[in-house]
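Listing of final_16.pdb, PDB, C-alpha atoms
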```pdb
MODEL        1
ATOM      1  CA  MET Y   1       0.000   0.000   0.000  1.00  0.00           C
ATOM      2  CA  ILE Y   2       1.206   3.472  -0.837  1.00  0.00           C
ATOM      3  CA  SER Y   3       1.424   6.170   1.845  1.00  0.00           C
ATOM      4  CA  GLU Y   4      -0.904   9.169   1.717  1.00  0.00           C
ATOM      5  CA  LYS Y   5       2.054  11.508   1.281  1.00  0.00           C
ATOM      6  CA  MET Y   6       3.478   9.491  -1.634  1.00  0.00           C
ATOM      7  CA  ASN Y   7       0.023   9.147  -3.186  1.00  0.00           C
ATOM      8  CA  ALA Y   8      -0.511  12.922  -3.064  1.00  0.00           C
ATOM      9  CA  ALA Y   9       2.929  13.618  -4.533  1.00  0.00           C
ATOM     10  CA  LEU Y  10       2.347  11.202  -7.408  1.00  0.00           C
ATOM     11  CA  ASN Y  11      -1.064  12.722  -8.117  1.00  0.00           C
ATOM     12  CA  LYS Y  12       0.585  16.135  -8.279  1.00  0.00           C
ATOM     13  CA  GLN Y  13       3.138  14.772 -10.756  1.00  0.00           C
ATOM     14  CA  ILE Y  14       0.374  13.329 -12.921  1.00  0.00           C
ATOM     15  CA  ASN Y  15      -0.965  16.878 -13.172  1.00  0.00           C
ATOM     16  CA  GLU Y  16       2.517  18.202 -14.033  1.00  0.00           C
ATOM     17  CA  GLU Y  17       2.878  15.655 -16.830  1.00  0.00           C
ATOM     18  CA  LEU Y  18      -0.586  16.437 -18.205  1.00  0.00           C
ATOM     19  CA  TYR Y  19       0.259  20.151 -18.101  1.00  0.00           C
ATOM     20  CA  SER Y  20       3.440  19.319 -20.038  1.00  0.00           C
ATOM     21  CA  ALA Y  21       1.339  17.595 -22.688  1.00  0.00           C
ATOM     22  CA  TYR Y  22      -0.962  20.604 -22.815  1.00  0.00           C
ATOM     23  CA  LEU Y  23       1.993  23.004 -23.122  1.00  0.00           C
ATOM     24  CA  TYR Y  24       3.517  21.041 -26.005  1.00  0.00           C
ATOM     25  CA  LEU Y  25       0.155  20.835 -27.737  1.00  0.00           C
ATOM     26  CA  SER Y  26      -0.052  24.615 -27.462  1.00  0.00           C
ATOM     27  CA  MET Y  27       3.434  24.869 -28.944  1.00  0.00           C
ATOM     28  CA  SER Y  28       2.347  22.592 -31.776  1.00  0.00           C
ATOM     29  CA  ALA Y  29      -0.472  25.007 -32.552  1.00  0.00           C
ATOM     30  CA  TYR Y  30       2.002  27.912 -32.459  1.00  0.00           C
ATOM     31  CA  PHE Y  31       4.300  26.160 -34.943  1.00  0.00           C
ATOM     32  CA  GLU Y  32       1.402  25.264 -37.227  1.00  0.00           C
ATOM     33  CA  GLY Y  33       0.415  28.921 -37.138  1.00  0.00           C
ATOM     34  CA  ILE Y  34       3.809  29.950 -38.509  1.00  0.00           C
ATOM     35  CA  SER Y  35       3.867  27.123 -41.075  1.00  0.00           C
ATOM     36  CA  LEU Y  36       6.616  25.074 -39.452  1.00  0.00           C
ATOM     37  CA  LEU Y  37       4.764  21.785 -39.680  1.00  0.00           C
ATOM     38  CA  GLY Y  38       7.795  19.656 -38.812  1.00  0.00           C
ATOM     39  CA  PHE Y  39       8.226  21.560 -35.553  1.00  0.00           C
ATOM     40  CA  ALA Y  40       4.479  21.172 -34.978  1.00  0.00           C
ATOM     41  CA  ASN Y  41       4.833  17.417 -35.513  1.00  0.00           C
ATOM     42  CA  TRP Y  42       7.742  17.232 -33.053  1.00  0.00           C
ATOM     43  CA  MET Y  43       5.596  18.964 -30.443  1.00  0.00           C
ATOM     44  CA  LYS Y  44       2.638  16.644 -31.103  1.00  0.00           C
ATOM     45  CA  VAL Y  45       4.887  13.646 -30.513  1.00  0.00           C
ATOM     46  CA  GLN Y  46       6.147  15.346 -27.361  1.00  0.00           C
ATOM     47  CA  THR Y  47       2.514  15.739 -26.279  1.00  0.00           C
ATOM     48  CA  GLN Y  48       1.995  11.987 -26.721  1.00  0.00           C
ATOM     49  CA  GLU Y  49       5.133  11.230 -24.707  1.00  0.00           C
ATOM     50  CA  GLU Y  50       4.072  13.455 -21.827  1.00  0.00           C
ATOM     51  CA  THR Y  51       0.622  11.876 -21.799  1.00  0.00           C
ATOM     52  CA  ALA Y  52       2.281   8.449 -21.655  1.00  0.00           C
ATOM     53  CA  HIS Y  53       4.408   9.633 -18.719  1.00  0.00           C
ATOM     54  CA  ALA Y  54       1.246  10.744 -16.885  1.00  0.00           C
ATOM     55  CA  MET Y  55      -0.409   7.413 -17.605  1.00  0.00           C
ATOM     56  CA  GLY Y  56       2.628   5.536 -16.309  1.00  0.00           C
ATOM     57  CA  LEU Y  57       2.266   7.364 -12.996  1.00  0.00           C
ATOM     58  CA  PHE Y  58      -1.511   6.839 -13.067  1.00  0.00           C
ATOM     59  CA  ASP Y  59      -1.097   3.098 -13.532  1.00  0.00           C
ATOM     60  CA  TYR Y  60       1.573   2.937 -10.828  1.00  0.00           C
ATOM     61  CA  VAL Y  61      -0.641   4.657  -8.259  1.00  0.00           C
ATOM     62  CA  ASN Y  62      -3.461   2.255  -9.073  1.00  0.00           C
ATOM     63  CA  SER Y  63      -1.166  -0.766  -8.913  1.00  0.00           C
ATOM     64  CA  ARG Y  64      -0.082   0.245  -5.393  1.00  0.00           C
ATOM     65  CA  GLY Y  65      -3.645   0.616  -4.128  1.00  0.00           C
ATOM     66  CA  GLY Y  66      -3.546   4.392  -4.172  1.00  0.00           C
ATOM     67  CA  LYS Y  67      -6.258   6.824  -5.117  1.00  0.00           C
ATOM     68  CA  ILE Y  68      -6.189   8.932  -8.274  1.00  0.00           C
ATOM     69  CA  GLU Y  69      -7.288  12.518  -7.728  1.00  0.00           C
ATOM     70  CA  LEU Y  70      -7.150  14.529 -10.931  1.00  0.00           C
ATOM     71  CA  GLU Y  71      -6.882  18.293 -10.591  1.00  0.00           C
ATOM     72  CA  GLN Y  72      -7.467  21.133 -13.006  1.00  0.00           C
ATOM     73  CA  ILE Y  73      -4.758  21.577 -15.652  1.00  0.00           C
ATOM     74  CA  ASN Y  74      -3.469  25.127 -15.932  1.00  0.00           C
ATOM     75  CA  LYS Y  75      -3.786  27.017 -19.208  1.00  0.00           C
ATOM     76  CA  PRO Y  76      -0.459  27.001 -21.085  1.00  0.00           C
ATOM     77  CA  GLN Y  77       1.177  29.894 -22.868  1.00  0.00           C
ATOM     78  CA  ILE Y  78      -0.071  30.181 -26.474  1.00  0.00           C
ATOM     79  CA  ASN Y  79       2.453  32.444 -28.232  1.00  0.00           C
ATOM     80  CA  TRP Y  80       6.210  32.678 -28.466  1.00  0.00           C
ATOM     81  CA  ALA Y  81       8.377  35.333 -30.090  1.00  0.00           C
ATOM     82  CA  SER Y  82      10.266  32.823 -32.252  1.00  0.00           C
ATOM     83  CA  PRO Y  83      11.198  29.160 -32.553  1.00  0.00           C
ATOM     84  CA  VAL Y  84      14.245  29.904 -30.375  1.00  0.00           C
ATOM     85  CA  ASP Y  85      11.978  31.427 -27.734  1.00  0.00           C
ATOM     86  CA  ALA Y  86       9.728  28.361 -27.842  1.00  0.00           C
ATOM     87  CA  PHE Y  87      12.648  25.954 -27.390  1.00  0.00           C
ATOM     88  CA  GLU Y  88      14.097  28.065 -24.596  1.00  0.00           C
ATOM     89  CA  ALA Y  89      10.716  27.528 -22.919  1.00  0.00           C
ATOM     90  CA  VAL Y  90      10.917  23.782 -23.653  1.00  0.00           C
ATOM     91  CA  LEU Y  91      14.344  23.504 -22.002  1.00  0.00           C
ATOM     92  CA  LYS Y  92      13.256  25.579 -19.006  1.00  0.00           C
ATOM     93  CA  HIS Y  93      10.119  23.446 -18.629  1.00  0.00           C
ATOM     94  CA  GLU Y  94      12.047  20.169 -18.831  1.00  0.00           C
ATOM     95  CA  GLN Y  95      14.446  21.437 -16.168  1.00  0.00           C
ATOM     96  CA  TYR Y  96      11.427  22.273 -14.014  1.00  0.00           C
ATOM     97  CA  ILE Y  97      10.003  18.766 -14.510  1.00  0.00           C
ATOM     98  CA  THR Y  98      13.372  17.293 -13.568  1.00  0.00           C
ATOM     99  CA  SER Y  99      13.202  19.231 -10.301  1.00  0.00           C
ATOM    100  CA  LYS Y 100       9.695  17.848  -9.685  1.00  0.00           C
ATOM    101  CA  ILE Y 101      10.845  14.269 -10.299  1.00  0.00           C
ATOM    102  CA  SER Y 102      13.723  14.891  -7.872  1.00  0.00           C
ATOM    103  CA  GLU Y 103      11.189  16.077  -5.284  1.00  0.00           C
ATOM    104  CA  LEU Y 104       9.244  12.852  -5.850  1.00  0.00           C
ATOM    105  CA  MET Y 105      12.419  10.890  -5.190  1.00  0.00           C
ATOM    106  CA  ASP Y 106      12.938  12.898  -1.990  1.00  0.00           C
ATOM    107  CA  THR Y 107       9.412  12.019  -0.880  1.00  0.00           C
ATOM    108  CA  ALA Y 108       9.942   8.338  -1.694  1.00  0.00           C
ATOM    109  CA  GLU Y 109      13.185   8.367   0.314  1.00  0.00           C
ATOM    110  CA  ALA Y 110      11.533  10.094   3.281  1.00  0.00           C
ATOM    111  CA  GLU Y 111       8.657   7.597   3.163  1.00  0.00           C
ATOM    112  CA  LYS Y 112      11.119   4.692   2.808  1.00  0.00           C
ATOM    113  CA  ASP Y 113       9.108   3.631  -0.241  1.00  0.00           C
ATOM    114  CA  ARG Y 114      11.534   1.361  -2.077  1.00  0.00           C
ATOM    115  CA  PRO Y 115       9.066   0.377  -4.824  1.00  0.00           C
ATOM    116  CA  ALA Y 116       8.531   4.067  -5.642  1.00  0.00           C
ATOM    117  CA  LEU Y 117      12.293   4.699  -5.623  1.00  0.00           C
ATOM    118  CA  SER Y 118      12.752   1.870  -8.099  1.00  0.00           C
ATOM    119  CA  PHE Y 119       9.847   2.982 -10.279  1.00  0.00           C
ATOM    120  CA  LEU Y 120      10.980   6.618 -10.384  1.00  0.00           C
ATOM    121  CA  GLN Y 121      14.445   5.683 -11.677  1.00  0.00           C
ATOM    122  CA  TRP Y 122      12.911   5.415 -15.166  1.00  0.00           C
ATOM    123  CA  TYR Y 123      11.632   8.992 -14.893  1.00  0.00           C
ATOM    124  CA  ILE Y 124      15.050  10.251 -13.770  1.00  0.00           C
ATOM    125  CA  LYS Y 125      16.697   8.691 -16.834  1.00  0.00           C
ATOM    126  CA  GLU Y 126      13.937  10.032 -19.080  1.00  0.00           C
ATOM    127  CA  GLN Y 127      14.440  13.560 -17.795  1.00  0.00           C
ATOM    128  CA  VAL Y 128      18.161  13.419 -18.541  1.00  0.00           C
ATOM    129  CA  GLU Y 129      17.242  12.542 -22.144  1.00  0.00           C
ATOM    130  CA  GLU Y 130      14.499  15.187 -22.322  1.00  0.00           C
ATOM    131  CA  GLU Y 131      16.825  17.962 -21.183  1.00  0.00           C
ATOM    132  CA  ALA Y 132      19.591  16.838 -23.535  1.00  0.00           C
ATOM    133  CA  THR Y 133      17.234  16.736 -26.526  1.00  0.00           C
ATOM    134  CA  ALA Y 134      15.738  20.139 -25.759  1.00  0.00           C
ATOM    135  CA  GLY Y 135      19.204  21.624 -25.270  1.00  0.00           C
ATOM    136  CA  ASP Y 136      20.441  20.134 -28.540  1.00  0.00           C
ATOM    137  CA  LEU Y 137      17.497  21.456 -30.550  1.00  0.00           C
ATOM    138  CA  LEU Y 138      17.841  24.881 -28.937  1.00  0.00           C
ATOM    139  CA  ALA Y 139      21.565  24.978 -29.745  1.00  0.00           C
ATOM    140  CA  LYS Y 140      20.836  24.100 -33.375  1.00  0.00           C
ATOM    141  CA  LEU Y 141      18.196  26.820 -33.615  1.00  0.00           C
ATOM    142  CA  LYS Y 142      20.668  29.345 -32.221  1.00  0.00           C
ATOM    143  CA  LEU Y 143      23.280  28.229 -34.776  1.00  0.00           C
ATOM    144  CA  ILE Y 144      20.741  28.638 -37.565  1.00  0.00           C
ATOM    145  CA  GLY Y 145      20.040  32.210 -36.554  1.00  0.00           C
ATOM    146  CA  SER Y 146      18.183  33.966 -39.349  1.00  0.00           C
ATOM    147  CA  ASP Y 147      19.033  31.400 -42.059  1.00  0.00           C
ATOM    148  CA  ALA Y 148      15.570  30.522 -43.411  1.00  0.00           C
ATOM    149  CA  ASN Y 149      16.925  27.659 -45.516  1.00  0.00           C
ATOM    150  CA  ALA Y 150      18.522  26.013 -42.490  1.00  0.00           C
ATOM    151  CA  LEU Y 151      15.317  26.493 -40.489  1.00  0.00           C
ATOM    152  CA  LEU Y 152      13.298  24.785 -43.225  1.00  0.00           C
ATOM    153  CA  LEU Y 153      15.815  21.924 -43.344  1.00  0.00           C
ATOM    154  CA  MET Y 154      15.483  21.480 -39.584  1.00  0.00           C
ATOM    155  CA  ASP Y 155      11.700  21.616 -39.957  1.00  0.00           C
ATOM    156  CA  LYS Y 156      11.906  18.803 -42.510  1.00  0.00           C
ATOM    157  CA  ASP Y 157      14.026  16.722 -40.120  1.00  0.00           C
ATOM    158  CA  LEU Y 158      11.590  17.231 -37.234  1.00  0.00           C
ATOM    159  CA  ALA Y 159       8.691  16.143 -39.443  1.00  0.00           C
ATOM    160  CA  ALA Y 160      10.123  12.615 -39.439  1.00  0.00           C
ATOM    161  CA  ARG Y 161       9.687  12.119 -35.679  1.00  0.00           C
ATOM    162  CA  THR Y 162       7.134   9.480 -34.723  1.00  0.00           C
ATOM    163  CA  PHE Y 163       5.706   8.430 -31.400  1.00  0.00           C
ATOM    164  CA  VAL Y 164       6.980   5.232 -29.875  1.00  0.00           C
ATOM    165  CA  ALA Y 165       5.202   4.349 -26.657  1.00  0.00           C
ATOM    166  CA  PRO Y 166       7.691   4.211 -23.805  1.00  0.00           C
ATOM    167  CA  VAL Y 167       8.044   1.119 -21.678  1.00  0.00           C
ATOM    168  CA  ILE Y 168       7.829   2.550 -18.194  1.00  0.00           C
ATOM    169  CA  GLU Y 169       9.285   0.027 -15.781  1.00  0.00           C
TER
ENDMDL
END
```

So that I can check it, write out the structure of this file as structure tokens.
Amino acid sequence: MISEKMNAALNKQINEELYSAYLYLSMSAYFEGISLLGFANWMKVQTQEETAHAMGLFDYVNSRGGKIELEQINKPQINWASPVDAFEAVLKHEQYITSKISELMDTAEAEKDRPALSFLQWYIKEQVEEEATAGDLLAKLKLIGSDANALLLMDKDLAARTFVAPVIE
């Protein structure tokens, strides 16, 4: 059985992950609005990943006999000044989510919840990848600068991204 404190913390993280999905869906709409459909596709795939992360937590809480309590999802930002601005927001958001996963680990340690500690290791590794990917894409956008041809080439590359459901252990 999961402790009340751990249950509440995991429910909060479910909300954070669903907000992440909502934020990336908003970014997808932004990119569609400026005709960067590859960037929009990348964000849609990111939306699917974040939803899968939320569902992994959802399933875990249920498997431990906890109680799911869904809260309101905050409205995300809807406009960015540029693709660089949007990806700066992506990196900042992923760093924020990393801090939230670290707080979950702290709660699991304080509660001496070894199953949660084991389960959350997957999320720690995932956040390392998420931050690295966001940082890489941001660096490329900064290198591109105002080169429209390079931006369109990057857009074409991002259009090839597809969703692969994660195996959350």

On this structure, which residues satisfy the PyMOL selection byres ((chain Y and resi 24) around 8), written as a PyMOL selection string? chain Y and resi 20-23+25-28+43-44+46-47

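Closest approach to Leu141 of chain Y from the set Y:Tyr19, Y:Phe87, Y:Trp42, Y:Phe31 is made by Y:Phe87, with distances taken over all atoms listed in the file.
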
Run through the PyMOL selection byres ((chain Y and resi 84) around 9) on the given coordinates and return the selected residues as an MDAnalysis selection string. chainID Y and resid 80:83 85:89 138:139 141:142 145

Same residues, C-alpha atoms, output as a short mmCIF file (atom, residue, chain, number, x, y, z; two decimals), keeping the file's coordinate frame:
```
data_model
loop_
_atom_site.label_atom_id
_atom_site.label_comp_id
_atom_site.auth_asym_id
_atom_site.auth_seq_id
_atom_site.Cartn_x
_atom_site.Cartn_y
_atom_site.Cartn_z
CA TRP Y 80 6.21 32.68 -28.47
CA ALA Y 81 8.38 35.33 -30.09
CA SER Y 82 10.27 32.82 -32.25
CA PRO Y 83 11.20 29.16 -32.55
CA ASP Y 85 11.98 31.43 -27.73
CA ALA Y 86 9.73 28.36 -27.84
CA PHE Y 87 12.65 25.95 -27.39
CA GLU Y 88 14.10 28.06 -24.60
CA ALA Y 89 10.72 27.53 -22.92
CA LEU Y 138 17.84 24.88 -28.94
CA ALA Y 139 21.56 24.98 -29.74
CA LEU Y 141 18.20 26.82 -33.62
CA LYS Y 142 20.67 29.34 -32.22
CA GLY Y 145 20.04 32.21 -36.55
#
```

Residues within 10 Å of segment 119-128 of chain Y, all atoms listed in the file, excluding chain neighbours under 2 positions, as a ChimeraX atom specification: /Y:53,56-57,60,94-99,101-102,104-105,108,114-117,130-133,166-169

I'd like the residues picked by the PyMOL selection byres ((chain Y and resi 4) around 12) written out as a PyMOL selection string, using the chain letters and numbers from the file. chain Y and resi 1-3+5-11+61+64-69+107-108+111+113

Excluding Thr162 of chain Y and residues on its chain fewer than 3 positions from it, collect all residues at most 9 Å away from it, counting only C-alpha atoms, and give them as JSON, numbers by chain. {"Y": [41, 42, 45, 159]}

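Between atom CA of Ile34 of chain Y and atom CA of Ala150 of chain Y there is a distance of 15.7 Å.
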
Atom pair atom CA of Lys75 of chain Y / atom CA of Phe39 of chain Y: separation (Å): 21.0 Å

Could you jot down the atom CA of Glu50 of chain Y to atom CA of Ile14 of chain Y separation for me, Å, one decimal place?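 These two atoms are separated by 9.6 Å.
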
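Comparing the minimum interatomic distances between Leu37 of chain Y and each of Y:Asp155, Y:Glu49, Y:Glu71, Y:Glu129, counting only C-alpha atoms, we find that Y:Asp155 sits nearest.
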
Box along x, y and z, 8 Å on every side, all listed atoms of segment 32-47 of chain Y inside: centre and edge lengths in Å to one decimal, as lines of an AutoDock Vina configuration file.
```
center_x = 4.3
center_y = 21.8
center_z = -33.7
size_x = 23.8
size_y = 32.3
size_z = 30.8
```

Of the candidates Y:Gln48, Y:Asn149, Y:Leu143, Y:Gly135, which shows the shortest atom-to-atom distance to His93 of chain Y, using all atoms listed in the file?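 Using all atoms listed in the file, the shortest distance to His93 of chain Y belongs to Y:Gly135.
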
Output file: segment 105-122 of chain Y, N, CA, C and O atoms, as a PDB file, in the first residue's frame:
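Contents of the output file decode.pdb:
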```pdb
ATOM      1  N   MET Y 105      11.413  11.815  -5.744  1.00  0.00           N
ATOM      2  CA  MET Y 105      12.419  10.890  -5.190  1.00  0.00           C
ATOM      3  C   MET Y 105      12.666  11.208  -3.718  1.00  0.00           C
ATOM      4  O   MET Y 105      12.777  10.288  -2.901  1.00  0.00           O
ATOM      5  N   ASP Y 106      12.748  12.502  -3.384  1.00  0.00           N
ATOM      6  CA  ASP Y 106      12.938  12.898  -1.990  1.00  0.00           C
ATOM      7  C   ASP Y 106      11.791  12.388  -1.123  1.00  0.00           C
ATOM      8  O   ASP Y 106      12.011  11.891  -0.014  1.00  0.00           O
ATOM      9  N   THR Y 107      10.574  12.503  -1.622  1.00  0.00           N
ATOM     10  CA  THR Y 107       9.412  12.019  -0.880  1.00  0.00           C
ATOM     11  C   THR Y 107       9.484  10.506  -0.704  1.00  0.00           C
ATOM     12  O   THR Y 107       9.236   9.987   0.390  1.00  0.00           O
ATOM     13  N   ALA Y 108       9.827   9.800  -1.775  1.00  0.00           N
ATOM     14  CA  ALA Y 108       9.942   8.338  -1.694  1.00  0.00           C
ATOM     15  C   ALA Y 108      11.017   7.935  -0.686  1.00  0.00           C
ATOM     16  O   ALA Y 108      10.821   6.982   0.084  1.00  0.00           O
ATOM     17  N   GLU Y 109      12.125   8.663  -0.665  1.00  0.00           N
ATOM     18  CA  GLU Y 109      13.185   8.367   0.314  1.00  0.00           C
ATOM     19  C   GLU Y 109      12.699   8.623   1.734  1.00  0.00           C
ATOM     20  O   GLU Y 109      12.918   7.803   2.626  1.00  0.00           O
ATOM     21  N   ALA Y 110      12.030   9.757   1.947  1.00  0.00           N
ATOM     22  CA  ALA Y 110      11.533  10.094   3.281  1.00  0.00           C
ATOM     23  C   ALA Y 110      10.495   9.081   3.760  1.00  0.00           C
ATOM     24  O   ALA Y 110      10.440   8.760   4.954  1.00  0.00           O
ATOM     25  N   GLU Y 111       9.690   8.576   2.836  1.00  0.00           N
ATOM     26  CA  GLU Y 111       8.657   7.597   3.163  1.00  0.00           C
ATOM     27  C   GLU Y 111       9.203   6.168   3.205  1.00  0.00           C
ATOM     28  O   GLU Y 111       8.449   5.240   3.482  1.00  0.00           O
ATOM     29  N   LYS Y 112      10.487   6.020   2.886  1.00  0.00           N
ATOM     30  CA  LYS Y 112      11.119   4.692   2.808  1.00  0.00           C
ATOM     31  C   LYS Y 112      10.327   3.772   1.876  1.00  0.00           C
ATOM     32  O   LYS Y 112      10.113   2.593   2.154  1.00  0.00           O
ATOM     33  N   ASP Y 113       9.919   4.340   0.752  1.00  0.00           N
ATOM     34  CA  ASP Y 113       9.108   3.631  -0.241  1.00  0.00           C
ATOM     35  C   ASP Y 113      10.028   3.112  -1.347  1.00  0.00           C
ATOM     36  O   ASP Y 113      10.235   3.757  -2.371  1.00  0.00           O
ATOM     37  N   ARG Y 114      10.593   1.939  -1.123  1.00  0.00           N
ATOM     38  CA  ARG Y 114      11.534   1.361  -2.077  1.00  0.00           C
ATOM     39  C   ARG Y 114      10.902   1.068  -3.442  1.00  0.00           C
ATOM     40  O   ARG Y 114      11.551   1.295  -4.469  1.00  0.00           O
ATOM     41  N   PRO Y 115       9.662   0.572  -3.496  1.00  0.00           N
ATOM     42  CA  PRO Y 115       9.066   0.377  -4.824  1.00  0.00           C
ATOM     43  C   PRO Y 115       8.975   1.689  -5.614  1.00  0.00           C
ATOM     44  O   PRO Y 115       9.240   1.706  -6.812  1.00  0.00           O
ATOM     45  N   ALA Y 116       8.609   2.777  -4.947  1.00  0.00           N
ATOM     46  CA  ALA Y 116       8.531   4.067  -5.642  1.00  0.00           C
ATOM     47  C   ALA Y 116       9.912   4.518  -6.089  1.00  0.00           C
ATOM     48  O   ALA Y 116      10.071   5.039  -7.204  1.00  0.00           O
ATOM     49  N   LEU Y 117      10.917   4.332  -5.247  1.00  0.00           N
ATOM     50  CA  LEU Y 117      12.293   4.699  -5.623  1.00  0.00           C
ATOM     51  C   LEU Y 117      12.713   3.944  -6.882  1.00  0.00           C
ATOM     52  O   LEU Y 117      13.295   4.530  -7.803  1.00  0.00           O
ATOM     53  N   SER Y 118      12.405   2.677  -6.929  1.00  0.00           N
ATOM     54  CA  SER Y 118      12.752   1.870  -8.099  1.00  0.00           C
ATOM     55  C   SER Y 118      11.993   2.346  -9.327  1.00  0.00           C
ATOM     56  O   SER Y 118      12.569   2.541 -10.398  1.00  0.00           O
ATOM     57  N   PHE Y 119      10.690   2.542  -9.172  1.00  0.00           N
ATOM     58  CA  PHE Y 119       9.847   2.982 -10.279  1.00  0.00           C
ATOM     59  C   PHE Y 119      10.306   4.332 -10.827  1.00  0.00           C
ATOM     60  O   PHE Y 119      10.358   4.534 -12.047  1.00  0.00           O
ATOM     61  N   LEU Y 120      10.631   5.256  -9.962  1.00  0.00           N
ATOM     62  CA  LEU Y 120      10.980   6.618 -10.384  1.00  0.00           C
ATOM     63  C   LEU Y 120      12.332   6.714 -11.083  1.00  0.00           C
ATOM     64  O   LEU Y 120      12.613   7.718 -11.742  1.00  0.00           O
ATOM     65  N   GLN Y 121      13.159   5.670 -10.971  1.00  0.00           N
ATOM     66  CA  GLN Y 121      14.445   5.683 -11.677  1.00  0.00           C
ATOM     67  C   GLN Y 121      14.239   5.872 -13.187  1.00  0.00           C
ATOM     68  O   GLN Y 121      15.024   6.541 -13.852  1.00  0.00           O
ATOM     69  N   TRP Y 122      13.190   5.263 -13.735  1.00  0.00           N
ATOM     70  CA  TRP Y 122      12.911   5.415 -15.166  1.00  0.00           C
ATOM     71  C   TRP Y 122      12.677   6.881 -15.504  1.00  0.00           C
ATOM     72  O   TRP Y 122      13.171   7.389 -16.519  1.00  0.00           O
TER      73      TRP Y 122
END
```
